[in-house]
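Notes follow once the structure below has been shown.
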Amino acid sequence: MTGFTIQRVEEADTEEVMKLLRRTFFVHEPLNNKVGYCKSESDECIDLDRYCRHCLPGISFKAVDIDGNIIGVLINDVSSVKDPLDFDMILNMTVSPAFKKILNMLKIRESGAKLSEKYPNDEKLLEIKLAATDANWRNKGVMNELMQETEKAVKELGMRLIRIDTSSAYSAKSAEKMGFTCVYQRAFSDINIIIPDPPHLYDRVFIKEMF
């Protein structure tokens, strides 16, 4: 008895998902935290809010408790292996100087990962854009169940790769436990744009090959 069920995220779930992200990912993600981008769930974070809403619903899954509350999410979408995001265009649309710093970190991550060289025979992959679990439901198997549903969706779509990027040491450890392999790692002190507090020492990209 888990006390929750896994369901697909629908368009109607957007506001409740955003509330969960605001009290978890927005505040606690190491890069956000270090630059002071979002200090509380009531802060106005226009750029990150826009990014999250753009990703929804995607091919995403929610964990729902017996009262119908969303207590965990994996927000997933299909990304190109060979044509990464145009970060210069996104930077031009960005309002917050703090968020621009974060985007510059992501730009370096993308160029360093070189996924098109590592996986020349793959056109698309499923990218885990955001992951969040309500504080009261951590270490209760929520993320494992969400990942299982995500893997089923990947197989149904006929794709081979799942990607997750981590700036958090805890997220990296979780990715390794779920069978992901680190294909890019660089010390934040080497990048020298944002240096989160320990134990978050490395920026990483993980890939799981389904077959």
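Chain identifiers are assigned as A, B, and so on, following the order in which chains appear in the structure tokens; residues are numbered from 1 within each chain, and ligands are numbered from 1 in order of appearance.
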(Q) Give me, as a count of residues only, all polymer residues having an atom no more than 8 Å from Thr133 of chain A, counting only C-alpha atoms and skipping those fewer than 6 positions away in the same chain. (A) 7
Q: Write out as number ranges by chain the residues lying within 12 Å of Gly68 of chain A, counting only C-alpha atoms and excluding same-chain residues fewer than 2 positions away.
A: A: 3-7, 13, 16, 62-66, 70-72
Selected residues, all heavy atoms, written as a compact mmCIF listing (two decimals), in the first residue's frame, please.
# COMPACT_ATOMS: atom_id res chain seq x y z
N GLY A 3 -0.18 4.49 -0.80
CA GLY A 3 -0.86 5.71 -0.41
C GLY A 3 -0.92 6.74 -1.51
O GLY A 3 -1.36 7.87 -1.28
N PHE A 4 -0.47 6.37 -2.71
CA PHE A 4 -0.54 7.30 -3.84
C PHE A 4 -0.65 6.50 -5.14
O PHE A 4 -0.34 5.31 -5.19
CB PHE A 4 0.68 8.22 -3.90
CG PHE A 4 2.00 7.51 -4.09
CD1 PHE A 4 2.48 7.24 -5.37
CD2 PHE A 4 2.76 7.11 -3.00
CE1 PHE A 4 3.70 6.59 -5.56
CE2 PHE A 4 3.97 6.44 -3.17
CZ PHE A 4 4.44 6.19 -4.45
N THR A 5 -1.12 7.18 -6.18
CA THR A 5 -1.20 6.58 -7.51
C THR A 5 -0.44 7.45 -8.50
O THR A 5 -0.23 8.64 -8.25
CB THR A 5 -2.66 6.44 -7.98
OG1 THR A 5 -3.28 7.74 -7.97
CG2 THR A 5 -3.44 5.50 -7.06
N ILE A 6 -0.04 6.85 -9.62
CA ILE A 6 0.67 7.58 -10.66
C ILE A 6 -0.26 7.80 -11.84
O ILE A 6 -0.90 6.85 -12.31
CB ILE A 6 1.94 6.82 -11.12
CG1 ILE A 6 2.84 6.50 -9.92
CG2 ILE A 6 2.69 7.63 -12.17
CD1 ILE A 6 3.37 7.71 -9.18
N GLN A 7 -0.34 9.03 -12.31
CA GLN A 7 -1.21 9.39 -13.43
C GLN A 7 -0.48 10.34 -14.37
O GLN A 7 0.51 10.97 -13.98
CB GLN A 7 -2.48 10.08 -12.90
CG GLN A 7 -3.27 9.28 -11.88
CD GLN A 7 -4.33 10.12 -11.18
OE1 GLN A 7 -4.74 11.17 -11.68
NE2 GLN A 7 -4.75 9.68 -10.01
N ASP A 13 -3.92 20.33 -14.67
CA ASP A 13 -3.09 20.19 -13.46
C ASP A 13 -2.08 21.32 -13.31
O ASP A 13 -1.37 21.38 -12.30
CB ASP A 13 -2.32 18.86 -13.49
CG ASP A 13 -3.22 17.65 -13.48
OD1 ASP A 13 -4.21 17.67 -12.73
OD2 ASP A 13 -2.93 16.68 -14.21
N GLU A 16 -1.75 23.44 -9.96
CA GLU A 16 -1.36 22.66 -8.78
C GLU A 16 0.09 22.20 -8.90
O GLU A 16 0.83 22.17 -7.91
CB GLU A 16 -2.29 21.46 -8.58
CG GLU A 16 -2.05 20.78 -7.24
CD GLU A 16 -3.03 19.66 -6.92
OE1 GLU A 16 -4.00 19.47 -7.68
OE2 GLU A 16 -2.80 18.97 -5.91
N LYS A 62 2.37 12.47 -12.59
CA LYS A 62 2.16 13.01 -11.25
C LYS A 62 1.86 11.87 -10.29
O LYS A 62 1.26 10.85 -10.67
CB LYS A 62 1.00 14.01 -11.26
CG LYS A 62 -0.32 13.39 -11.72
CD LYS A 62 -1.45 14.41 -11.84
CE LYS A 62 -2.73 13.74 -12.36
NZ LYS A 62 -3.85 14.69 -12.52
N ALA A 63 2.28 12.05 -9.05
CA ALA A 63 1.89 11.16 -7.96
C ALA A 63 0.78 11.86 -7.19
O ALA A 63 0.93 13.03 -6.80
CB ALA A 63 3.07 10.86 -7.06
N VAL A 64 -0.33 11.16 -6.98
CA VAL A 64 -1.52 11.75 -6.35
C VAL A 64 -1.87 10.97 -5.10
O VAL A 64 -1.98 9.73 -5.15
CB VAL A 64 -2.71 11.75 -7.33
CG1 VAL A 64 -3.94 12.39 -6.71
CG2 VAL A 64 -2.34 12.46 -8.63
N ASP A 65 -2.03 11.66 -3.96
CA ASP A 65 -2.37 10.95 -2.72
C ASP A 65 -3.87 10.62 -2.69
O ASP A 65 -4.62 10.93 -3.62
CB ASP A 65 -1.93 11.76 -1.49
CG ASP A 65 -2.74 13.05 -1.27
OD1 ASP A 65 -3.81 13.22 -1.90
OD2 ASP A 65 -2.31 13.88 -0.44
N ILE A 66 -4.29 9.97 -1.62
CA ILE A 66 -5.68 9.47 -1.55
C ILE A 66 -6.70 10.60 -1.48
O ILE A 66 -7.89 10.39 -1.73
CB ILE A 66 -5.87 8.52 -0.34
CG1 ILE A 66 -5.48 9.20 0.97
CG2 ILE A 66 -5.06 7.24 -0.53
CD1 ILE A 66 -5.79 8.36 2.20
N ILE A 70 -1.58 16.50 -5.57
CA ILE A 70 -0.36 16.14 -6.29
C ILE A 70 0.83 16.27 -5.34
O ILE A 70 1.11 17.36 -4.82
CB ILE A 70 -0.16 17.04 -7.53
CG1 ILE A 70 -1.31 16.84 -8.52
CG2 ILE A 70 1.18 16.74 -8.21
CD1 ILE A 70 -1.25 17.75 -9.74
N ILE A 71 1.52 15.15 -5.10
CA ILE A 71 2.60 15.15 -4.11
C ILE A 71 3.97 14.86 -4.75
O ILE A 71 4.98 14.84 -4.05
CB ILE A 71 2.30 14.17 -2.95
CG1 ILE A 71 1.84 12.78 -3.45
CG2 ILE A 71 1.17 14.75 -2.08
CD1 ILE A 71 2.92 11.81 -3.67
N GLY A 72 3.97 14.69 -6.07
CA GLY A 72 5.24 14.50 -6.77
C GLY A 72 5.02 14.60 -8.27
O GLY A 72 3.93 14.27 -8.75
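DSSP annotation of segment 63-116 of chain A from backbone atoms: strand (DSSP E) residues are Ala63, Val64, Asp65, Ile70, Ile71, Gly72, Val73, Leu74, Ile75, Asn76, Asp77, Val78, Ser79 and Ser80 of chain A.
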Keeping only all heavy atoms, write those residues as a short mmCIF file (atom, residue, chain, number, x, y, z; two decimals), in the first residue's frame.
data_model
loop_
_atom_site.label_atom_id
_atom_site.label_comp_id
_atom_site.auth_asym_id
_atom_site.auth_seq_id
_atom_site.Cartn_x
_atom_site.Cartn_y
_atom_site.Cartn_z
N ALA A 63 2.28 12.05 -9.05
CA ALA A 63 1.89 11.16 -7.96
C ALA A 63 0.78 11.86 -7.19
O ALA A 63 0.93 13.03 -6.80
CB ALA A 63 3.07 10.86 -7.06
N VAL A 64 -0.33 11.16 -6.98
CA VAL A 64 -1.52 11.75 -6.35
C VAL A 64 -1.87 10.97 -5.10
O VAL A 64 -1.98 9.73 -5.15
CB VAL A 64 -2.71 11.75 -7.33
CG1 VAL A 64 -3.94 12.39 -6.71
CG2 VAL A 64 -2.34 12.46 -8.63
N ASP A 65 -2.03 11.66 -3.96
CA ASP A 65 -2.37 10.95 -2.72
C ASP A 65 -3.87 10.62 -2.69
O ASP A 65 -4.62 10.93 -3.62
CB ASP A 65 -1.93 11.76 -1.49
CG ASP A 65 -2.74 13.05 -1.27
OD1 ASP A 65 -3.81 13.22 -1.90
OD2 ASP A 65 -2.31 13.88 -0.44
N ILE A 70 -1.58 16.50 -5.57
CA ILE A 70 -0.36 16.14 -6.29
C ILE A 70 0.83 16.27 -5.34
O ILE A 70 1.11 17.36 -4.82
CB ILE A 70 -0.16 17.04 -7.53
CG1 ILE A 70 -1.31 16.84 -8.52
CG2 ILE A 70 1.18 16.74 -8.21
CD1 ILE A 70 -1.25 17.75 -9.74
N ILE A 71 1.52 15.15 -5.10
CA ILE A 71 2.60 15.15 -4.11
C ILE A 71 3.97 14.86 -4.75
O ILE A 71 4.98 14.84 -4.05
CB ILE A 71 2.30 14.17 -2.95
CG1 ILE A 71 1.84 12.78 -3.45
CG2 ILE A 71 1.17 14.75 -2.08
CD1 ILE A 71 2.92 11.81 -3.67
N GLY A 72 3.97 14.69 -6.07
CA GLY A 72 5.24 14.50 -6.77
C GLY A 72 5.02 14.60 -8.27
O GLY A 72 3.93 14.27 -8.75
N VAL A 73 6.05 15.06 -8.99
CA VAL A 73 5.94 15.15 -10.46
C VAL A 73 7.29 14.86 -11.11
O VAL A 73 8.36 15.16 -10.55
CB VAL A 73 5.47 16.54 -10.95
CG1 VAL A 73 4.02 16.78 -10.61
CG2 VAL A 73 6.35 17.66 -10.45
N LEU A 74 7.22 14.25 -12.28
CA LEU A 74 8.33 14.23 -13.23
C LEU A 74 7.81 14.90 -14.49
O LEU A 74 6.87 14.40 -15.12
CB LEU A 74 8.77 12.80 -13.55
CG LEU A 74 9.83 12.14 -12.67
CD1 LEU A 74 10.24 10.79 -13.24
CD2 LEU A 74 11.07 13.02 -12.50
N ILE A 75 8.38 16.05 -14.82
CA ILE A 75 7.96 16.78 -16.00
C ILE A 75 8.92 16.43 -17.14
O ILE A 75 10.12 16.75 -17.08
CB ILE A 75 7.93 18.29 -15.74
CG1 ILE A 75 6.93 18.59 -14.61
CG2 ILE A 75 7.54 19.06 -17.00
CD1 ILE A 75 6.91 20.01 -14.14
N ASN A 76 8.40 15.74 -18.13
CA ASN A 76 9.21 15.18 -19.20
C ASN A 76 8.76 15.72 -20.55
O ASN A 76 7.58 16.02 -20.74
CB ASN A 76 9.06 13.65 -19.24
CG ASN A 76 9.22 13.01 -17.88
OD1 ASN A 76 10.16 13.32 -17.16
ND2 ASN A 76 8.31 12.10 -17.55
N ASP A 77 9.70 15.79 -21.48
CA ASP A 77 9.36 16.17 -22.84
C ASP A 77 10.39 15.59 -23.79
O ASP A 77 11.50 15.21 -23.37
CB ASP A 77 9.30 17.69 -22.98
CG ASP A 77 8.28 18.13 -24.02
OD1 ASP A 77 7.73 17.27 -24.74
OD2 ASP A 77 8.02 19.35 -24.11
N VAL A 78 10.02 15.52 -25.06
CA VAL A 78 10.93 15.01 -26.08
C VAL A 78 11.88 16.12 -26.51
O VAL A 78 11.45 17.25 -26.78
CB VAL A 78 10.14 14.47 -27.29
CG1 VAL A 78 11.10 14.03 -28.39
CG2 VAL A 78 9.24 13.32 -26.87
N SER A 79 13.17 15.81 -26.54
CA SER A 79 14.18 16.78 -26.97
C SER A 79 15.01 16.19 -28.10
O SER A 79 15.12 14.97 -28.25
CB SER A 79 15.11 17.14 -25.80
OG SER A 79 14.40 17.77 -24.76
N SER A 80 15.60 17.07 -28.88
CA SER A 80 16.47 16.65 -29.97
C SER A 80 17.87 16.36 -29.45
O SER A 80 18.41 17.11 -28.63
CB SER A 80 16.53 17.73 -31.04
OG SER A 80 17.51 17.43 -32.02
#
Q) Excluding same-chain residues fewer than 3 positions from segment 153-170 of chain A, what lies within 7 Å of it counting only C-alpha atoms, as a PyMOL selection string? A) chain A and resi 29-30+124-128+149-150+173-174+199-200+202-211
Q: Mind the document's chain letters and residue numbers, and return as an MDAnalysis selection string the residues of segment 3-207 of chain A that DSSP labels alpha helix (DSSP H).
A: chainID A and resid 14:23 25:28 30:35 46:55 87:93 97:113 115:118 142:157 169:177 188:191
Q: Give me, please, the distance in Å between atom CA of Leu91 of chain A and atom CA of Ser171 of chain A, quoted to one decimal.
A: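 Interatomic distance, atom CA of Leu91 of chain A to atom CA of Ser171 of chain A: 25.7 Å.
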